[in-house]
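Asks: Pasting a structure below so you can have a look.
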Amino acid sequence: MSDRPGRPRLPGSRWLFVFLGGLGLLLLSRWGTSLYVDHLWYSAEGRSGVYWTRVLSEGILRGAAALVTGGFLYLALGPVARAFAHLRIRRKLGDLVIQERLPARYLRWGRAGIAALVAFWVTAALPSGVGLQLLLALRAPATGIVDPVLEGDLAFLLFRLPALAGVLGWAMVVGFLALALAVAGY
C-alpha cells in the first residue's frame, strides 16, 4: 500500500488567505458602519423612507449591473475557453512525456472567476448616487417648460439624458473590457 502525499501547499498561502479575509472584514465593517450612521441620521430627521429609497435603489442598480456585466463577460470568454481547451500541457517525468488537456472544470471556474472579479470591479467603479439618478430619470415629473430646439419637456435634458449617458458609458466600458479580455486570451 502506498501513501499518497497530499497536495503541496505554497509556503505563505495560509497567511495570504488570513490577510485577504481580514481585509475583506475591514471593508465590510467600514461599509456597515457607514450605512448604520446614515440610517441613524435619516431616522433622527424623520426621513427613514428617503434613506431606504436611496439604499435600495443603489443596491438594486449595482446588483443588476454586476449580474449583467458578469453574465456578458462569462459569455464573451466562452470562445477563449474553447481555444484553451485544445491546449496540451506537457509534463516530463524522467524519460516519460505526458500530454494532457486542461480540465473543463478549470476553464469553467476560471471563466466564472474572471467574470465575477471584473463585474465586481466595474460595479464598484460606478459613482455613488447612480441608483438615485436612474430612479429620478424613470420617475421624474414633467417640468412644464418646453425646450425650443428639441420641442420636448425640459425634464428629458435634466434627468433622462444624464442617466442615458451613464448607461452608455457603462456599456462601453463593459464592451471594451470584454474585447480586451478576449484579445488577451488569444
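Here's how to read the names in the C-alpha cells: chain A, B, ... by the order shown, residue numbers from 1 in each chain, ligand numbers from 1 in the order shown.
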What residues in stretch 30-112 of chain A get the DSSP label helix (DSSP H, G or I)? Please answer as a PDB file with N, CA and C atoms, in the first residue's frame.
Replies:
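Printed below is selection-v2.pdb as written:
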```pdb
ATOM      1  N   ARG A  30     -16.441  48.723   7.589  1.00  0.00           N
ATOM      2  CA  ARG A  30     -16.496  50.147   7.264  1.00  0.00           C
ATOM      3  C   ARG A  30     -17.776  50.480   6.519  1.00  0.00           C
ATOM      4  N   TRP A  31     -18.144  49.636   5.563  1.00  0.00           N
ATOM      5  CA  TRP A  31     -19.370  49.840   4.806  1.00  0.00           C
ATOM      6  C   TRP A  31     -20.587  49.744   5.731  1.00  0.00           C
ATOM      7  N   GLY A  32     -20.586  48.760   6.636  1.00  0.00           N
ATOM      8  CA  GLY A  32     -21.703  48.594   7.560  1.00  0.00           C
ATOM      9  C   GLY A  32     -21.867  49.764   8.512  1.00  0.00           C
ATOM     10  N   THR A  33     -20.748  50.272   9.037  1.00  0.00           N
ATOM     11  CA  THR A  33     -20.859  51.426   9.936  1.00  0.00           C
ATOM     12  C   THR A  33     -21.319  52.668   9.194  1.00  0.00           C
ATOM     13  N   SER A  34     -20.891  52.830   7.961  1.00  0.00           N
ATOM     14  CA  SER A  34     -21.360  53.967   7.171  1.00  0.00           C
ATOM     15  C   SER A  34     -22.869  53.890   6.954  1.00  0.00           C
ATOM     16  N   LEU A  35     -23.360  52.698   6.621  1.00  0.00           N
ATOM     17  CA  LEU A  35     -24.807  52.535   6.457  1.00  0.00           C
ATOM     18  C   LEU A  35     -25.553  52.785   7.765  1.00  0.00           C
ATOM     19  N   TYR A  36     -25.002  52.306   8.868  1.00  0.00           N
ATOM     20  CA  TYR A  36     -25.657  52.469  10.160  1.00  0.00           C
ATOM     21  C   TYR A  36     -25.716  53.936  10.578  1.00  0.00           C
ATOM     22  N   VAL A  37     -24.631  54.665  10.383  1.00  0.00           N
ATOM     23  CA  VAL A  37     -24.616  56.091  10.746  1.00  0.00           C
ATOM     24  C   VAL A  37     -25.594  56.868   9.869  1.00  0.00           C
ATOM     25  N   ASP A  38     -25.618  56.556   8.564  1.00  0.00           N
ATOM     26  CA  ASP A  38     -26.582  57.225   7.683  1.00  0.00           C
ATOM     27  C   ASP A  38     -28.013  56.919   8.106  1.00  0.00           C
ATOM     28  N   HIS A  39     -28.271  55.686   8.473  1.00  0.00           N
ATOM     29  CA  HIS A  39     -29.614  55.308   8.912  1.00  0.00           C
ATOM     30  C   HIS A  39     -30.006  56.079  10.180  1.00  0.00           C
ATOM     31  N   LEU A  40     -29.077  56.189  11.110  1.00  0.00           N
ATOM     32  CA  LEU A  40     -29.368  56.939  12.333  1.00  0.00           C
ATOM     33  C   LEU A  40     -29.655  58.409  12.025  1.00  0.00           C
ATOM     34  N   TRP A  41     -28.893  58.998  11.116  1.00  0.00           N
ATOM     35  CA  TRP A  41     -29.096  60.402  10.798  1.00  0.00           C
ATOM     36  C   TRP A  41     -30.444  60.619  10.126  1.00  0.00           C
ATOM     37  N   TYR A  42     -30.777  59.793   9.131  1.00  0.00           N
ATOM     38  CA  TYR A  42     -32.064  59.943   8.452  1.00  0.00           C
ATOM     39  C   TYR A  42     -33.223  59.688   9.414  1.00  0.00           C
ATOM     40  N   SER A  43     -33.065  58.720  10.306  1.00  0.00           N
ATOM     41  CA  SER A  43     -34.129  58.443  11.284  1.00  0.00           C
ATOM     42  C   SER A  43     -34.302  59.605  12.251  1.00  0.00           C
ATOM     43  N   ALA A  44     -33.204  60.225  12.657  1.00  0.00           N
ATOM     44  CA  ALA A  44     -33.289  61.375  13.564  1.00  0.00           C
ATOM     45  C   ALA A  44     -33.992  62.547  12.902  1.00  0.00           C
ATOM     46  N   SER A  48     -36.613  58.329   7.274  1.00  0.00           N
ATOM     47  CA  SER A  48     -36.083  56.981   7.039  1.00  0.00           C
ATOM     48  C   SER A  48     -36.569  56.413   5.700  1.00  0.00           C
ATOM     49  N   GLY A  49     -37.713  56.873   5.193  1.00  0.00           N
ATOM     50  CA  GLY A  49     -38.183  56.429   3.881  1.00  0.00           C
ATOM     51  C   GLY A  49     -37.237  56.868   2.767  1.00  0.00           C
ATOM     52  N   VAL A  50     -36.700  58.076   2.907  1.00  0.00           N
ATOM     53  CA  VAL A  50     -35.733  58.567   1.918  1.00  0.00           C
ATOM     54  C   VAL A  50     -34.462  57.726   1.973  1.00  0.00           C
ATOM     55  N   TYR A  51     -34.047  57.378   3.181  1.00  0.00           N
ATOM     56  CA  TYR A  51     -32.845  56.555   3.339  1.00  0.00           C
ATOM     57  C   TYR A  51     -33.025  55.199   2.654  1.00  0.00           C
ATOM     58  N   TRP A  52     -34.137  54.549   2.910  1.00  0.00           N
ATOM     59  CA  TRP A  52     -34.348  53.220   2.323  1.00  0.00           C
ATOM     60  C   TRP A  52     -34.510  53.296   0.809  1.00  0.00           C
ATOM     61  N   THR A  53     -35.093  54.374   0.304  1.00  0.00           N
ATOM     62  CA  THR A  53     -35.182  54.543  -1.149  1.00  0.00           C
ATOM     63  C   THR A  53     -33.789  54.662  -1.754  1.00  0.00           C
ATOM     64  N   ARG A  54     -32.930  55.445  -1.117  1.00  0.00           N
ATOM     65  CA  ARG A  54     -31.559  55.602  -1.617  1.00  0.00           C
ATOM     66  C   ARG A  54     -30.793  54.289  -1.560  1.00  0.00           C
ATOM     67  N   VAL A  55     -30.857  53.605  -0.435  1.00  0.00           N
ATOM     68  CA  VAL A  55     -30.094  52.361  -0.262  1.00  0.00           C
ATOM     69  C   VAL A  55     -30.597  51.275  -1.217  1.00  0.00           C
ATOM     70  N   LEU A  56     -31.905  51.114  -1.308  1.00  0.00           N
ATOM     71  CA  LEU A  56     -32.446  50.061  -2.174  1.00  0.00           C
ATOM     72  C   LEU A  56     -32.223  50.356  -3.653  1.00  0.00           C
ATOM     73  N   SER A  57     -32.395  51.620  -4.060  1.00  0.00           N
ATOM     74  CA  SER A  57     -32.159  51.922  -5.475  1.00  0.00           C
ATOM     75  C   SER A  57     -30.700  51.711  -5.844  1.00  0.00           C
ATOM     76  N   GLU A  58     -29.801  52.095  -4.956  1.00  0.00           N
ATOM     77  CA  GLU A  58     -28.366  51.895  -5.200  1.00  0.00           C
ATOM     78  C   GLU A  58     -28.020  50.406  -5.230  1.00  0.00           C
ATOM     79  N   GLY A  59     -28.547  49.663  -4.272  1.00  0.00           N
ATOM     80  CA  GLY A  59     -28.249  48.236  -4.203  1.00  0.00           C
ATOM     81  C   GLY A  59     -28.811  47.456  -5.379  1.00  0.00           C
ATOM     82  N   ILE A  60     -30.045  47.761  -5.759  1.00  0.00           N
ATOM     83  CA  ILE A  60     -30.658  47.056  -6.888  1.00  0.00           C
ATOM     84  C   ILE A  60     -29.924  47.375  -8.184  1.00  0.00           C
ATOM     85  N   LEU A  61     -29.577  48.645  -8.384  1.00  0.00           N
ATOM     86  CA  LEU A  61     -28.856  49.009  -9.609  1.00  0.00           C
ATOM     87  C   LEU A  61     -27.473  48.375  -9.656  1.00  0.00           C
ATOM     88  N   ARG A  62     -26.757  48.403  -8.540  1.00  0.00           N
ATOM     89  CA  ARG A  62     -25.426  47.783  -8.529  1.00  0.00           C
ATOM     90  C   ARG A  62     -25.507  46.276  -8.704  1.00  0.00           C
ATOM     91  N   GLY A  63     -26.495  45.639  -8.091  1.00  0.00           N
ATOM     92  CA  GLY A  63     -26.663  44.196  -8.274  1.00  0.00           C
ATOM     93  C   GLY A  63     -27.002  43.836  -9.705  1.00  0.00           C
ATOM     94  N   ALA A  64     -27.897  44.606 -10.323  1.00  0.00           N
ATOM     95  CA  ALA A  64     -28.254  44.349 -11.715  1.00  0.00           C
ATOM     96  C   ALA A  64     -27.057  44.587 -12.641  1.00  0.00           C
ATOM     97  N   ALA A  65     -26.288  45.650 -12.365  1.00  0.00           N
ATOM     98  CA  ALA A  65     -25.101  45.924 -13.183  1.00  0.00           C
ATOM     99  C   ALA A  65     -24.077  44.808 -13.038  1.00  0.00           C
ATOM    100  N   ALA A  66     -23.900  44.290 -11.833  1.00  0.00           N
ATOM    101  CA  ALA A  66     -22.949  43.194 -11.614  1.00  0.00           C
ATOM    102  C   ALA A  66     -23.408  41.929 -12.331  1.00  0.00           C
ATOM    103  N   LEU A  67     -24.699  41.620 -12.261  1.00  0.00           N
ATOM    104  CA  LEU A  67     -25.203  40.421 -12.942  1.00  0.00           C
ATOM    105  C   LEU A  67     -25.077  40.529 -14.455  1.00  0.00           C
ATOM    106  N   VAL A  68     -25.442  41.678 -14.996  1.00  0.00           N
ATOM    107  CA  VAL A  68     -25.359  41.850 -16.449  1.00  0.00           C
ATOM    108  C   VAL A  68     -23.903  41.833 -16.910  1.00  0.00           C
ATOM    109  N   THR A  69     -23.034  42.534 -16.176  1.00  0.00           N
ATOM    110  CA  THR A  69     -21.620  42.562 -16.540  1.00  0.00           C
ATOM    111  C   THR A  69     -20.999  41.175 -16.447  1.00  0.00           C
ATOM    112  N   GLY A  70     -21.245  40.490 -15.339  1.00  0.00           N
ATOM    113  CA  GLY A  70     -20.686  39.153 -15.159  1.00  0.00           C
ATOM    114  C   GLY A  70     -21.205  38.165 -16.189  1.00  0.00           C
ATOM    115  N   GLY A  71     -22.497  38.203 -16.468  1.00  0.00           N
ATOM    116  CA  GLY A  71     -23.057  37.299 -17.474  1.00  0.00           C
ATOM    117  C   GLY A  71     -22.517  37.568 -18.860  1.00  0.00           C
ATOM    118  N   PHE A  72     -22.414  38.840 -19.211  1.00  0.00           N
ATOM    119  CA  PHE A  72     -21.886  39.193 -20.532  1.00  0.00           C
ATOM    120  C   PHE A  72     -20.431  38.770 -20.675  1.00  0.00           C
ATOM    121  N   LEU A  73     -19.630  39.011 -19.636  1.00  0.00           N
ATOM    122  CA  LEU A  73     -18.220  38.627 -19.711  1.00  0.00           C
ATOM    123  C   LEU A  73     -18.048  37.113 -19.699  1.00  0.00           C
ATOM    124  N   TYR A  74     -18.889  36.405 -18.960  1.00  0.00           N
ATOM    125  CA  TYR A  74     -18.819  34.941 -18.959  1.00  0.00           C
ATOM    126  C   TYR A  74     -19.094  34.402 -20.362  1.00  0.00           C
ATOM    127  N   LEU A  75     -20.094  34.972 -21.026  1.00  0.00           N
ATOM    128  CA  LEU A  75     -20.385  34.544 -22.397  1.00  0.00           C
ATOM    129  C   LEU A  75     -19.286  34.982 -23.367  1.00  0.00           C
ATOM    130  N   ALA A  76     -18.735  36.180 -23.158  1.00  0.00           N
ATOM    131  CA  ALA A  76     -17.697  36.671 -24.063  1.00  0.00           C
ATOM    132  C   ALA A  76     -16.406  35.870 -23.938  1.00  0.00           C
ATOM    133  N   GLY A  78     -16.298  32.699 -23.515  1.00  0.00           N
ATOM    134  CA  GLY A  78     -16.543  31.334 -23.990  1.00  0.00           C
ATOM    135  C   GLY A  78     -15.618  30.908 -25.122  1.00  0.00           C
ATOM    136  N   PRO A  79     -15.470  31.704 -26.186  1.00  0.00           N
ATOM    137  CA  PRO A  79     -14.539  31.304 -27.254  1.00  0.00           C
ATOM    138  C   PRO A  79     -13.092  31.193 -26.780  1.00  0.00           C
ATOM    139  N   VAL A  80     -12.706  32.028 -25.840  1.00  0.00           N
ATOM    140  CA  VAL A  80     -11.345  31.949 -25.307  1.00  0.00           C
ATOM    141  C   VAL A  80     -11.164  30.630 -24.556  1.00  0.00           C
ATOM    142  N   ALA A  81     -12.170  30.250 -23.772  1.00  0.00           N
ATOM    143  CA  ALA A  81     -12.078  28.984 -23.035  1.00  0.00           C
ATOM    144  C   ALA A  81     -12.050  27.800 -23.998  1.00  0.00           C
ATOM    145  N   ARG A  82     -12.809  27.873 -25.076  1.00  0.00           N
ATOM    146  CA  ARG A  82     -12.766  26.785 -26.065  1.00  0.00           C
ATOM    147  C   ARG A  82     -11.401  26.707 -26.737  1.00  0.00           C
ATOM    148  N   ALA A  83     -10.757  27.858 -26.942  1.00  0.00           N
ATOM    149  CA  ALA A  83      -9.406  27.846 -27.519  1.00  0.00           C
ATOM    150  C   ALA A  83      -8.410  27.235 -26.534  1.00  0.00           C
ATOM    151  N   PHE A  84      -8.570  27.534 -25.245  1.00  0.00           N
ATOM    152  CA  PHE A  84      -7.681  26.946 -24.239  1.00  0.00           C
ATOM    153  C   PHE A  84      -7.935  25.456 -24.046  1.00  0.00           C
ATOM    154  N   ALA A  85      -9.127  24.982 -24.372  1.00  0.00           N
ATOM    155  CA  ALA A  85      -9.440  23.570 -24.189  1.00  0.00           C
ATOM    156  C   ALA A  85      -8.605  22.687 -25.111  1.00  0.00           C
ATOM    157  N   ALA A 104     -12.021  20.734 -18.166  1.00  0.00           N
ATOM    158  CA  ALA A 104     -13.119  21.671 -18.453  1.00  0.00           C
ATOM    159  C   ALA A 104     -13.574  22.388 -17.187  1.00  0.00           C
ATOM    160  N   ARG A 105     -13.465  21.717 -16.062  1.00  0.00           N
ATOM    161  CA  ARG A 105     -13.865  22.324 -14.794  1.00  0.00           C
ATOM    162  C   ARG A 105     -12.982  23.539 -14.482  1.00  0.00           C
ATOM    163  N   TYR A 106     -11.677  23.437 -14.739  1.00  0.00           N
ATOM    164  CA  TYR A 106     -10.776  24.562 -14.504  1.00  0.00           C
ATOM    165  C   TYR A 106     -11.130  25.744 -15.397  1.00  0.00           C
ATOM    166  N   LEU A 107     -11.434  25.441 -16.650  1.00  0.00           N
ATOM    167  CA  LEU A 107     -11.787  26.512 -17.588  1.00  0.00           C
ATOM    168  C   LEU A 107     -13.095  27.187 -17.188  1.00  0.00           C
ATOM    169  N   ARG A 108     -14.077  26.383 -16.786  1.00  0.00           N
ATOM    170  CA  ARG A 108     -15.372  26.935 -16.390  1.00  0.00           C
ATOM    171  C   ARG A 108     -15.229  27.815 -15.149  1.00  0.00           C
ATOM    172  N   TRP A 109     -14.491  27.326 -14.137  1.00  0.00           N
ATOM    173  CA  TRP A 109     -14.313  28.116 -12.912  1.00  0.00           C
ATOM    174  C   TRP A 109     -13.427  29.329 -13.163  1.00  0.00           C
ATOM    175  N   GLY A 110     -12.460  29.202 -14.060  1.00  0.00           N
ATOM    176  CA  GLY A 110     -11.630  30.356 -14.408  1.00  0.00           C
ATOM    177  C   GLY A 110     -12.434  31.445 -15.088  1.00  0.00           C
ATOM    178  N   ARG A 111     -13.290  31.021 -16.024  1.00  0.00           N
ATOM    179  CA  ARG A 111     -14.180  31.986 -16.688  1.00  0.00           C
ATOM    180  C   ARG A 111     -15.080  32.682 -15.687  1.00  0.00           C
ATOM    181  N   ALA A 112     -15.681  31.890 -14.804  1.00  0.00           N
ATOM    182  CA  ALA A 112     -16.599  32.459 -13.812  1.00  0.00           C
ATOM    183  C   ALA A 112     -15.855  33.391 -12.856  1.00  0.00           C
TER     184      ALA A 112
END
```
Asks: Between A:Val146, A:Val174, A:Ile114, A:Ala163, which residue has the minimum interatomic distance to A:Gln133, considering only C-alpha atoms?
Replies: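 When distances to A:Gln133 are compared using only C-alpha atoms, the smallest one comes from A:Ala163.
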Asks: Find the nearest atom pair between each residue of stretch 40-157 of chain A and stretch 164-170 of chain A for residues within 9 Å, count only C-alpha atoms, give distances in Å to one decimal, sort rows by chain and ascending number, and present the table as a tab-separated table.
Replies:
```
residue	atom	partner	partner_atom	distance
A:Ala65	CA	A:Trp170	CA	8.9
A:Val122	CA	A:Trp170	CA	8.3
A:Leu126	CA	A:Trp170	CA	8.3
A:Val130	CA	A:Gly166	CA	8.5
A:Leu134	CA	A:Leu164	CA	8.7
A:Ala137	CA	A:Leu164	CA	8.8
```
Asks: Can I get the selected residues back with all heavy atoms, as an mmCIF file, in the first residue's frame?
Replies:
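In the end it all went to result.cif:
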```cif
data_model
loop_
_atom_site.group_PDB
_atom_site.id
_atom_site.type_symbol
_atom_site.label_atom_id
_atom_site.label_comp_id
_atom_site.auth_asym_id
_atom_site.auth_seq_id
_atom_site.Cartn_x
_atom_site.Cartn_y
_atom_site.Cartn_z
ATOM 1 N N ALA A 65 -26.288 45.650 -12.365
ATOM 2 C CA ALA A 65 -25.101 45.924 -13.183
ATOM 3 C C ALA A 65 -24.077 44.808 -13.038
ATOM 4 O O ALA A 65 -23.444 44.394 -14.020
ATOM 5 C CB ALA A 65 -24.490 47.267 -12.795
ATOM 6 N N VAL A 122 -16.122 46.629 -11.961
ATOM 7 C CA VAL A 122 -16.911 47.601 -12.724
ATOM 8 C C VAL A 122 -18.037 48.160 -11.865
ATOM 9 O O VAL A 122 -18.322 49.363 -11.880
ATOM 10 C CB VAL A 122 -17.450 46.958 -14.022
ATOM 11 C CG1 VAL A 122 -18.507 47.829 -14.663
ATOM 12 C CG2 VAL A 122 -16.324 46.711 -15.001
ATOM 13 N N LEU A 126 -18.803 52.300 -10.256
ATOM 14 C CA LEU A 126 -19.959 53.161 -10.518
ATOM 15 C C LEU A 126 -19.994 54.280 -9.486
ATOM 16 O O LEU A 126 -19.724 54.052 -8.308
ATOM 17 C CB LEU A 126 -21.256 52.355 -10.437
ATOM 18 C CG LEU A 126 -21.526 51.362 -11.559
ATOM 19 C CD1 LEU A 126 -22.791 50.568 -11.258
ATOM 20 C CD2 LEU A 126 -21.653 52.050 -12.886
ATOM 21 N N VAL A 130 -25.770 56.834 -8.233
ATOM 22 C CA VAL A 130 -26.222 56.492 -9.581
ATOM 23 C C VAL A 130 -27.587 55.805 -9.538
ATOM 24 O O VAL A 130 -28.387 55.959 -10.460
ATOM 25 C CB VAL A 130 -25.155 55.635 -10.311
ATOM 26 C CG1 VAL A 130 -25.073 54.243 -9.736
ATOM 27 C CG2 VAL A 130 -25.406 55.590 -11.786
ATOM 28 N N LEU A 134 -30.839 57.172 -11.605
ATOM 29 C CA LEU A 134 -31.660 56.371 -12.506
ATOM 30 C C LEU A 134 -33.119 56.353 -12.057
ATOM 31 O O LEU A 134 -34.033 56.404 -12.882
ATOM 32 C CB LEU A 134 -31.105 54.943 -12.594
ATOM 33 C CG LEU A 134 -31.713 54.083 -13.683
ATOM 34 C CD1 LEU A 134 -31.416 54.663 -15.055
ATOM 35 C CD2 LEU A 134 -31.206 52.670 -13.595
ATOM 36 N N ALA A 137 -34.587 59.524 -13.163
ATOM 37 C CA ALA A 137 -34.813 59.532 -14.610
ATOM 38 C C ALA A 137 -36.074 58.758 -14.970
ATOM 39 O O ALA A 137 -36.784 59.121 -15.910
ATOM 40 C CB ALA A 137 -33.614 58.944 -15.337
#
```
Asks: Find the spatial neighbours of A:Arg139, counting only C-alpha atoms, within a cut-off of 12 Å - ignore same-chain residues fewer than 5 positions away - and output them as a compact mmCIF listing (two decimals) with N, CA, C and O atoms, in the first residue's frame.
Replies:
```
# COMPACT_ATOMS: atom_id res chain seq x y z
N LEU A 132 -30.02 56.54 -7.42
CA LEU A 132 -30.99 57.63 -7.25
C LEU A 132 -31.15 58.41 -8.55
O LEU A 132 -32.25 58.84 -8.89
N GLN A 133 -30.07 58.57 -9.29
CA GLN A 133 -30.13 59.26 -10.57
C GLN A 133 -31.00 58.49 -11.57
O GLN A 133 -31.83 59.08 -12.27
N LEU A 134 -30.84 57.17 -11.60
CA LEU A 134 -31.66 56.37 -12.51
C LEU A 134 -33.12 56.35 -12.06
O LEU A 134 -34.03 56.40 -12.88
N ALA A 155 -37.49 68.12 -18.75
CA ALA A 155 -37.16 67.01 -17.85
C ALA A 155 -36.26 65.98 -18.54
O ALA A 155 -35.46 65.32 -17.89
N PHE A 156 -36.40 65.86 -19.85
CA PHE A 156 -35.53 64.93 -20.58
C PHE A 156 -34.07 65.34 -20.46
O PHE A 156 -33.20 64.52 -20.19
N PHE A 159 -32.99 65.10 -16.46
CA PHE A 159 -32.97 63.84 -15.73
C PHE A 159 -32.64 62.63 -16.60
O PHE A 159 -31.83 61.79 -16.23
N ARG A 160 -33.30 62.52 -17.76
CA ARG A 160 -33.14 61.30 -18.55
C ARG A 160 -31.85 61.27 -19.35
O ARG A 160 -31.21 60.23 -19.47
```
Asks: Nearest residue to A:His86 out of A:Leu25, A:Leu102, A:Ala124, A:Leu181, using only C-alpha atoms?
Replies: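 Checking each of A:Leu25, A:Leu102, A:Ala124, A:Leu181 against A:His86, counting only C-alpha atoms, the winner is A:Leu102.
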